[in-house]
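Undergrad: I have a structure I would like to understand better, so I am pasting it below and will then ask my questions one at a time.
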Amino acid sequence: MTLTGSPISVEYLFPEPGKWFDLQNGLRALPGPGYILAAASEPWVTINSGVFGGGIGPKRFFLNRQVDKGYTSDCPQDEMAVFLASEFEIYRPIVSTDWAALMTAARVNDASWVSLSHKEHYVTVIITAGVNNACSAGITPHCVPASNTIQPGTINIMAFLSHSLSPGTLVNAVQTVTEAKTQTLRQLNITCPVTGTFASGTNTDALVIAAADSISYDEYAGPGTLTGYMLALGVRKALFQTLKRYLALERQVAP
């Protein structure tokens, strides 16, 4: 595929479980038992909606952790801190602000990894997904998560960009990622099990977008920019692949 005459390379990655894998710009990843960990050599400017390390700020460690479908906690942030301290020697409570962590009941072993490149620009997207609790924003009633008929399912997105984004551009990137996610769900005909309407996501989605720190900043990340286009394309490719795998497995276990 090309953009203004220059090729954009799209590659699906298949890292070996239990081994570190080089991604880009000093960023490595480890598909571990029940988690995906990415670690940067220097802090990356990050926006995070997850249960641990949320907000905008510099982060070095990025985790997507699989939990049981029946997981409950009165304070998931504290429970996550206990997990990090028990699982990773590199975790130190005094520098816990270096971490951004997500939780999911979806299978992390079924994550899709996509790498994109265009000249000096690189984007890596890692997605886990389950859509049993797919919802349509503004249509699905807010009480649905408490329903005993809905099983856990989450779309967790981690995206890493080789070039810096200003804080405002990070927010813009969230918008672009969300548009790509919703469009992919529509393409796969994912609907809300309560209302029957096309899903815009699930009621527990989370994401991390991290950009390598440098002197210059992108000031916009809409889908018409190179940054936004590559980010959206990576989300569409990774989410489509992981949901196709998820839906095939769900059909196998259906009664």
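Labels for the structure tokens follow display order: chains A, B, ..., residues from 1 in each chain, ligands from 1.
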Which residues, written as a tab-separated table (two decimals) with C-alpha atoms, in the first residue's frame, have at least one atom at most 10 Å from Val177 (chain A), with only C-alpha atoms counted and residues fewer than 4 positions away on the same chain left out?
TA:
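Generated output (part-v1.tsv):
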chain	number	residue	atom	x	y	z
A	157	ILE	CA	-4.93	-1.45	22.54
A	159	ALA	CA	0.22	1.58	20.26
A	172	ASN	CA	-6.28	13.50	19.09
A	173	ALA	CA	-4.62	10.10	18.57
A	181	LYS	CA	-11.71	0.46	16.32
A	182	THR	CA	-15.39	1.20	15.82
A	183	GLN	CA	-15.14	0.96	12.05
A	207	LEU	CA	-5.71	1.84	25.60
A	209	ILE	CA	-0.58	5.28	23.18
A	221	ALA	CA	-2.91	13.05	14.58
A	222	GLY	CA	-6.19	12.99	12.70
A	223	PRO	CA	-6.82	10.16	10.23
A	228	GLY	CA	-3.08	9.23	12.19
A	229	TYR	CA	-3.28	7.13	9.05
A	231	LEU	CA	-2.02	4.52	13.66
A	232	ALA	CA	-5.53	3.85	12.38
A	233	LEU	CA	-4.30	1.33	9.82
A	234	GLY	CA	-2.35	-0.55	12.49
A	235	VAL	CA	-5.40	-0.67	14.76
A	236	ARG	CA	-7.64	-1.91	11.95
Undergrad: Find the residues near Val82 (chain A): any atom within 12 Å, counting only C-alpha atoms, skip ones fewer than 5 places away on the same chain, and give them as a PyMOL selection string.
TA: chain A and resi 52+75-77+87-88+91-93+96
Undergrad: Can you spit out the residues from that selection as a compact mmCIF listing (two decimals), in the first residue's frame, using C-alpha atoms?
TA:
# COMPACT_ATOMS: atom_id res chain seq x y z
CA PHE A 52 -2.69 1.71 36.66
CA CYS A 75 -9.30 -1.32 44.37
CA PRO A 76 -7.81 -2.76 41.15
CA GLN A 77 -5.01 -0.20 41.17
CA GLU A 87 5.93 -10.62 39.14
CA PHE A 88 8.65 -8.21 38.02
CA TYR A 91 9.17 -2.92 39.44
CA ARG A 92 9.87 -0.57 42.31
CA PRO A 93 7.01 1.13 44.20
CA SER A 96 5.75 3.07 39.96
Undergrad: Residues near Gly196 (chain A), anyone? I mean within 12 Å using only C-alpha atoms, not counting same-chain ones fewer than 5 positions away, as a list in words.
TA: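 Skipping anything fewer than 5 positions along the chain leaves Asn133, Ala134, Cys135, Ser136, Ile139, Thr140, Asn189, Ile190 and Thr191 of chain A.
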Undergrad: Contacts of Leu188 (chain A) at 8 Å or less, counting only C-alpha atoms, minus same-chain residues fewer than 3 places along, as a list in words?
TA: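 So the residues in contact are Thr184, Leu185 and Phe240 of chain A.
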Undergrad: Emit the selected residues as a PDB file, in the first residue's frame, including C-alpha atoms.
TA:
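As written to disk, selection16.pdb reads:
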ATOM      1  CA  THR A 184     -13.486  -2.459  12.364  1.00  0.00           C
ATOM      2  CA  LEU A 185     -16.267  -3.701  14.645  1.00  0.00           C
ATOM      3  CA  PHE A 240      -9.419  -7.440  12.580  1.00  0.00           C
TER       4      PHE A 240
END
Undergrad: As a ChimeraX atom specification, please: every residue in region 16-248 of chain A that DSSP puts in strand (DSSP E or B).
TA: /A:21-24,27-32,35-48,52,55-66,99-104,112-118,121-129,134-135,155-161,165,191,198,201-202,206-212,218
Undergrad: May I have the residues from that selection written out with C-alpha atoms, as a CSV table (one decimal), in the first residue's frame?
TA:
chain,number,residue,atom,x,y,z
A,21,PHE,CA,11.5,-9.2,21.0
A,22,ASP,CA,12.8,-5.9,19.6
A,23,LEU,CA,10.1,-3.6,18.3
A,24,GLN,CA,11.6,-0.1,17.6
A,27,LEU,CA,11.5,-0.6,22.7
A,28,ARG,CA,11.3,-4.3,23.4
A,29,ALA,CA,8.4,-6.6,24.3
A,30,LEU,CA,8.0,-9.9,26.2
A,31,PRO,CA,5.0,-12.1,25.7
A,32,GLY,CA,5.0,-13.6,29.2
A,35,TYR,CA,0.7,-10.8,30.2
A,36,ILE,CA,2.4,-8.8,27.5
A,37,LEU,CA,5.1,-6.4,28.7
A,38,ALA,CA,6.8,-3.7,26.6
A,39,ALA,CA,9.8,-1.9,28.0
A,40,ALA,CA,11.5,1.3,26.6
A,41,SER,CA,15.1,2.2,27.2
A,42,GLU,CA,14.0,5.8,28.0
A,43,PRO,CA,10.6,7.2,29.0
A,44,TRP,CA,8.0,7.7,26.3
A,45,VAL,CA,5.3,10.3,26.3
A,46,THR,CA,2.2,8.4,27.1
A,47,ILE,CA,-1.6,8.6,27.4
A,48,ASN,CA,-3.1,5.8,29.3
A,52,PHE,CA,-2.7,1.7,36.7
A,55,GLY,CA,-3.3,9.9,32.4
A,56,ILE,CA,-0.6,11.7,30.4
A,57,GLY,CA,3.0,11.5,31.3
A,58,PRO,CA,6.4,9.7,30.7
A,59,LYS,CA,6.3,5.9,31.0
A,60,ARG,CA,8.9,3.2,30.4
A,61,PHE,CA,7.0,0.0,31.1
A,62,PHE,CA,3.7,-1.0,29.4
A,63,LEU,CA,1.7,-4.0,30.5
A,64,ASN,CA,-1.4,-5.8,29.3
A,65,ARG,CA,-2.3,-8.4,32.0
A,66,GLN,CA,-4.8,-11.2,31.6
A,99,TRP,CA,4.4,1.9,34.6
A,100,ALA,CA,1.2,1.9,32.5
A,101,ALA,CA,-0.9,-1.2,33.0
A,102,LEU,CA,-4.1,-2.6,31.5
A,103,MET,CA,-6.3,-5.6,32.5
A,104,THR,CA,-8.2,-7.9,30.3
A,112,SER,CA,-2.2,-9.5,17.3
A,113,TRP,CA,1.0,-7.6,16.7
A,114,VAL,CA,1.4,-5.3,13.7
A,115,SER,CA,4.4,-3.2,12.7
A,116,LEU,CA,4.1,-0.3,10.2
A,117,SER,CA,6.9,1.8,8.7
A,118,HIS,CA,7.1,4.7,6.3
A,121,HIS,CA,8.2,6.8,10.9
A,122,TYR,CA,7.4,3.6,12.7
A,123,VAL,CA,4.2,2.4,14.5
A,124,THR,CA,3.7,-0.8,16.5
A,125,VAL,CA,0.2,-1.9,17.6
A,126,ILE,CA,-0.6,-4.8,20.0
A,127,ILE,CA,-4.2,-5.7,20.6
A,128,THR,CA,-6.1,-8.2,22.7
A,129,ALA,CA,-9.8,-8.5,22.2
A,134,ALA,CA,-19.9,-5.4,23.1
A,135,CYS,CA,-21.9,-2.2,23.5
A,155,ILE,CA,-10.5,-4.5,23.6
A,156,ASN,CA,-7.1,-3.4,24.9
A,157,ILE,CA,-4.9,-1.5,22.5
A,158,MET,CA,-1.3,-0.6,23.0
A,159,ALA,CA,0.2,1.6,20.3
A,160,PHE,CA,3.8,2.8,20.0
A,161,LEU,CA,5.0,5.6,17.7
A,165,LEU,CA,3.3,13.9,20.0
A,191,THR,CA,-23.4,-5.9,17.7
A,198,PHE,CA,-23.8,-2.1,15.8
A,201,GLY,CA,-16.6,-1.0,21.5
A,202,THR,CA,-17.1,-2.9,24.7
A,206,ALA,CA,-8.7,0.6,27.5
A,207,LEU,CA,-5.7,1.8,25.6
A,208,VAL,CA,-2.2,3.1,25.8
A,209,ILE,CA,-0.6,5.3,23.2
A,210,ALA,CA,3.1,6.0,23.7
A,211,ALA,CA,5.4,8.2,21.6
A,212,ALA,CA,9.2,8.2,21.7
A,218,ASP,CA,3.5,16.3,15.6
Undergrad: Which distance in Å separates CA of Phe83 (chain A) and CA of Asp98 (chain A), to one decimal?
TA: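 Between CA of Phe83 (chain A) and CA of Asp98 (chain A) the gap is 15.3 Å.
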Undergrad: Please provide as a list in words all residues within 10 Å of Lys119 (chain A), with the sequence filter that same-chain residues fewer than 3 positions apart are discarded (counting only C-alpha atoms).
TA: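 That gives Ser6, Pro7, Ile8, Ser9 and Tyr122 of chain A.
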Undergrad: Restricting the calculation to only C-alpha atoms: of A:Thr154, A:Thr97, A:Thr176, A:Asn132, which residue gets closest to Tyr220 (chain A)?
TA: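 For Tyr220 (chain A), the nearest of the candidates is A:Thr176.
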